[in-house]
Amino acid sequence: MEPEQIREGYLVKKGTLLNSWKAVWVVLSEDGVEFYKKKTDSSPKGMIPLKGATLTSPCQDFGKRTLVFKITTAKKQDHFFQASHVEEREVWVKDIKRAISCLQGGKRFARKSTRRSIRLPDKVNLTELYTLMKDQDDGVRELKLEQDSRIFNHCFTGATVVEWLVSQQKARNRPEALMLAAGLLNEGFLQPAGDRAKEGAEGGEQTAFLDDTSALYYFADSGFFCEGYSSDEDVLVKEEFRGNILKQGCLLKQGHRRKNWKVRKFILRDDPAYMHYYDPSKGDEPLGSIHLRGSVVTAVEYVPDAKKYDIDGNLFEIITSDETHYFLQAATGEERKEWIKAIQAVSKVGK
């Protein structure tokens, strides 16, 4: 039986021979991590076996280079990866740890086992429940909460989720509500934010949701971000720009002069209406920005010169108010939809 593909996306990887960091396309399967020079390559540059491997996160081996995690193989070979933001690192770390645990226990990686393992009724639709929870008027309120010298934006407590499920008659009592919340967490609709929630999420093979006022969570597709002391080192994280982060991650961007395509880390904020982009393998200084106020963003099927660089699928175009054209490629069709939706919202209301 072919190994199941669990997760894929762009990460920055340290070279094994040279002390260089480059963005690569990474694919996590049940028994290993493959990395490619380009998403469209048919053969990987390398494969990291996970049987007998260990994972270290956060990894502090590189001073000011944050958001790094380390995979050490059974043969004691170290592989270092860097994510573009905290939440991205956490989902990769969570899935890799689970894959390693499954290999050790002789089990198959089973992301979709939630309903059976926690006895969710067949009639429960977690996708519909998640949509109701995010309703602006009647859903769970996203708050700014302070904990351990850090400020968590767009989050809520585990107790709040349980109380909402009971008050909205989605559950008859708190134990039943806790079961539903665990299902939402296991399926990735909810994510742990603070240390208390993360301890619960990583405490066992089956993710535990905590009915606790000190356990913080956030919606997977929200504008969650944390200000304060980073988890990597005791250095105050400084917000370079105003506004809430609506979306962030890596995209392929076409250059304006040479028309070549490079991986860039993008951060989209709601104030001011700019989308800044960075070289993910280097520092935090932005390479440039796209002014989104009054811009138009659309999905496109064709981009000039894209075929020359073997770029195809999940493309979209931003045309700014001064008629500058930007062509970008998302990793998946769903991610392209999310970027377009977020950019459209900022283009209408941003400053």
# chains A, B, ... in the order shown; residues from 1 in each chain; ligands from 1

$ residues_around --residues "Ala197 in chain A" --least-positions-apart "2" --cutoff "10 Å" --atoms "only C-alpha atoms" --output "list of chain:residue names"
A:Thr157, A:Gly158, A:Gln191, A:Pro192, A:Ala193, A:Gly194, A:Asp195, A:Glu199, A:Gly200, A:Ala201, A:Glu202, A:Gly203, A:Ala208, A:Phe209, A:Leu210, A:Asp211, A:Asp212, A:Ser214, A:Ala215, A:Leu216, A:Tyr217

$ residues_around --residues "Arg336 in chain A" --least-positions-apart "6" --cutoff "8 Å" --atoms "only C-alpha atoms" --output "JSON list (two decimals) with C-alpha atoms, in the first residue's frame"
[["chain", "number", "residue", "atom", "x", "y", "z"],
["A", 299, "ALA", "CA", -7.96, 33.86, -10.39],
["A", 314, "ASN", "CA", -3.53, 27.93, -8.79],
["A", 315, "LEU", "CA", -2.51, 31.28, -10.29],
["A", 316, "PHE", "CA", -4.01, 34.66, -9.41],
["A", 329, "GLN", "CA", 0.80, 31.13, -7.41],
["A", 330, "ALA", "CA", -0.67, 29.41, -4.35]]

$ residues_around --residues "Lys39 in chain A" --least-positions-apart "4" --cutoff "12 Å" --atoms "only C-alpha atoms" --output "mmCIF file with N, CA and C atoms, in the first residue's frame"
data_model
loop_
_atom_site.group_PDB
_atom_site.id
_atom_site.type_symbol
_atom_site.label_atom_id
_atom_site.label_comp_id
_atom_site.auth_asym_id
_atom_site.auth_seq_id
_atom_site.Cartn_x
_atom_site.Cartn_y
_atom_site.Cartn_z
ATOM 1 N N GLU A 8 1.697 19.072 2.603
ATOM 2 C CA GLU A 8 2.688 19.578 1.659
ATOM 3 C C GLU A 8 2.657 21.095 1.657
ATOM 4 N N GLY A 9 3.774 21.707 1.310
ATOM 5 C CA GLY A 9 3.845 23.164 1.273
ATOM 6 C C GLY A 9 5.295 23.625 1.247
ATOM 7 N N TYR A 10 5.477 24.945 1.202
ATOM 8 C CA TYR A 10 6.818 25.524 1.174
ATOM 9 C C TYR A 10 7.377 25.672 2.591
ATOM 10 N N LEU A 11 8.624 25.279 2.763
ATOM 11 C CA LEU A 11 9.394 25.544 3.971
ATOM 12 C C LEU A 11 10.798 25.942 3.536
ATOM 13 N N ALA A 23 14.279 28.016 0.090
ATOM 14 C CA ALA A 23 12.885 27.568 0.100
ATOM 15 C C ALA A 23 12.748 26.328 -0.771
ATOM 16 N N VAL A 24 12.085 25.306 -0.239
ATOM 17 C CA VAL A 24 11.858 24.063 -0.975
ATOM 18 C C VAL A 24 10.406 23.637 -0.805
ATOM 19 N N TRP A 25 9.941 22.789 -1.714
ATOM 20 C CA TRP A 25 8.591 22.223 -1.621
ATOM 21 C C TRP A 25 8.707 20.929 -0.817
ATOM 22 N N VAL A 26 7.961 20.837 0.277
ATOM 23 C CA VAL A 26 8.099 19.714 1.203
ATOM 24 C C VAL A 26 6.815 18.889 1.211
ATOM 25 N N VAL A 27 6.972 17.575 1.159
ATOM 26 C CA VAL A 27 5.836 16.651 1.198
ATOM 27 C C VAL A 27 6.047 15.671 2.347
ATOM 28 N N GLU A 34 9.813 14.227 2.073
ATOM 29 C CA GLU A 34 10.515 14.470 0.815
ATOM 30 C C GLU A 34 10.568 15.973 0.568
ATOM 31 N N PHE A 35 11.666 16.449 -0.017
ATOM 32 C CA PHE A 35 11.757 17.866 -0.358
ATOM 33 C C PHE A 35 12.234 18.019 -1.803
ATOM 34 N N SER A 43 10.994 14.369 -9.262
ATOM 35 C CA SER A 43 11.877 13.631 -8.366
ATOM 36 C C SER A 43 12.362 14.535 -7.229
ATOM 37 N N PRO A 44 12.323 14.039 -5.995
ATOM 38 C CA PRO A 44 12.762 14.866 -4.864
ATOM 39 C C PRO A 44 14.274 15.017 -4.806
ATOM 40 N N LYS A 45 14.722 16.125 -4.180
ATOM 41 C CA LYS A 45 16.150 16.318 -3.944
ATOM 42 C C LYS A 45 16.638 15.378 -2.852
ATOM 43 N N LEU A 251 4.110 32.141 -1.115
ATOM 44 C CA LEU A 251 3.546 32.075 -2.457
ATOM 45 C C LEU A 251 4.695 32.191 -3.463
ATOM 46 N N LEU A 252 4.457 31.697 -4.668
ATOM 47 C CA LEU A 252 5.396 31.959 -5.763
ATOM 48 C C LEU A 252 5.037 33.302 -6.391
ATOM 49 N N TRP A 261 10.315 33.243 -11.389
ATOM 50 C CA TRP A 261 9.426 33.016 -10.249
ATOM 51 C C TRP A 261 10.241 32.612 -9.034
ATOM 52 N N LYS A 262 9.940 33.230 -7.886
ATOM 53 C CA LYS A 262 10.633 32.910 -6.643
ATOM 54 C C LYS A 262 9.639 32.804 -5.493
ATOM 55 N N VAL A 263 9.985 31.967 -4.510
ATOM 56 C CA VAL A 263 9.147 31.816 -3.326
ATOM 57 C C VAL A 263 9.331 33.040 -2.430
ATOM 58 N N TYR A 309 8.835 28.674 -17.151
ATOM 59 C CA TYR A 309 9.407 28.299 -15.853
ATOM 60 C C TYR A 309 8.647 27.139 -15.213
ATOM 61 N N ASP A 310 7.839 26.438 -16.014
ATOM 62 C CA ASP A 310 7.113 25.261 -15.540
ATOM 63 C C ASP A 310 6.159 25.618 -14.400
ATOM 64 N N ILE A 311 5.511 26.781 -14.531
ATOM 65 C CA ILE A 311 4.543 27.242 -13.530
ATOM 66 C C ILE A 311 3.146 27.062 -14.098
ATOM 67 N N ASP A 312 2.304 26.295 -13.402
ATOM 68 C CA ASP A 312 0.968 26.037 -13.922
ATOM 69 C C ASP A 312 0.021 25.717 -12.770
ATOM 70 N N GLY A 313 -1.185 26.303 -12.814
ATOM 71 C CA GLY A 313 -2.216 25.995 -11.827
ATOM 72 C C GLY A 313 -2.172 26.894 -10.605
ATOM 73 N N GLN A 329 1.299 32.502 -7.382
ATOM 74 C CA GLN A 329 0.802 31.129 -7.415
ATOM 75 C C GLN A 329 0.712 30.584 -5.993
ATOM 76 N N ALA A 330 -0.468 30.052 -5.646
ATOM 77 C CA ALA A 330 -0.670 29.407 -4.354
ATOM 78 C C ALA A 330 -0.337 27.925 -4.462
ATOM 79 N N ALA A 331 -0.170 27.282 -3.316
ATOM 80 C CA ALA A 331 0.192 25.859 -3.308
ATOM 81 C C ALA A 331 -0.975 24.977 -3.733
ATOM 82 N N THR A 332 -2.205 25.386 -3.380
ATOM 83 C CA THR A 332 -3.393 24.596 -3.709
ATOM 84 C C THR A 332 -4.517 25.513 -4.180
#

$ select_by_dssp --residues "range 15-165 of chain A" --states "alpha helix (DSSP H)" --output "VMD selection string"
chain A and resid 86 to 105 114 to 117 126 to 133 158 to 165

$ residues_around --residues "Glu323 in chain A" --least-positions-apart "5" --cutoff "10 Å" --atoms "only C-alpha atoms" --output "VMD selection string"
chain A and resid 295 to 296 318

$ atom_distance --atom1 "CA of Gly46 in chain A" --atom2 "CA of Leu287 in chain A"
29.4 Å
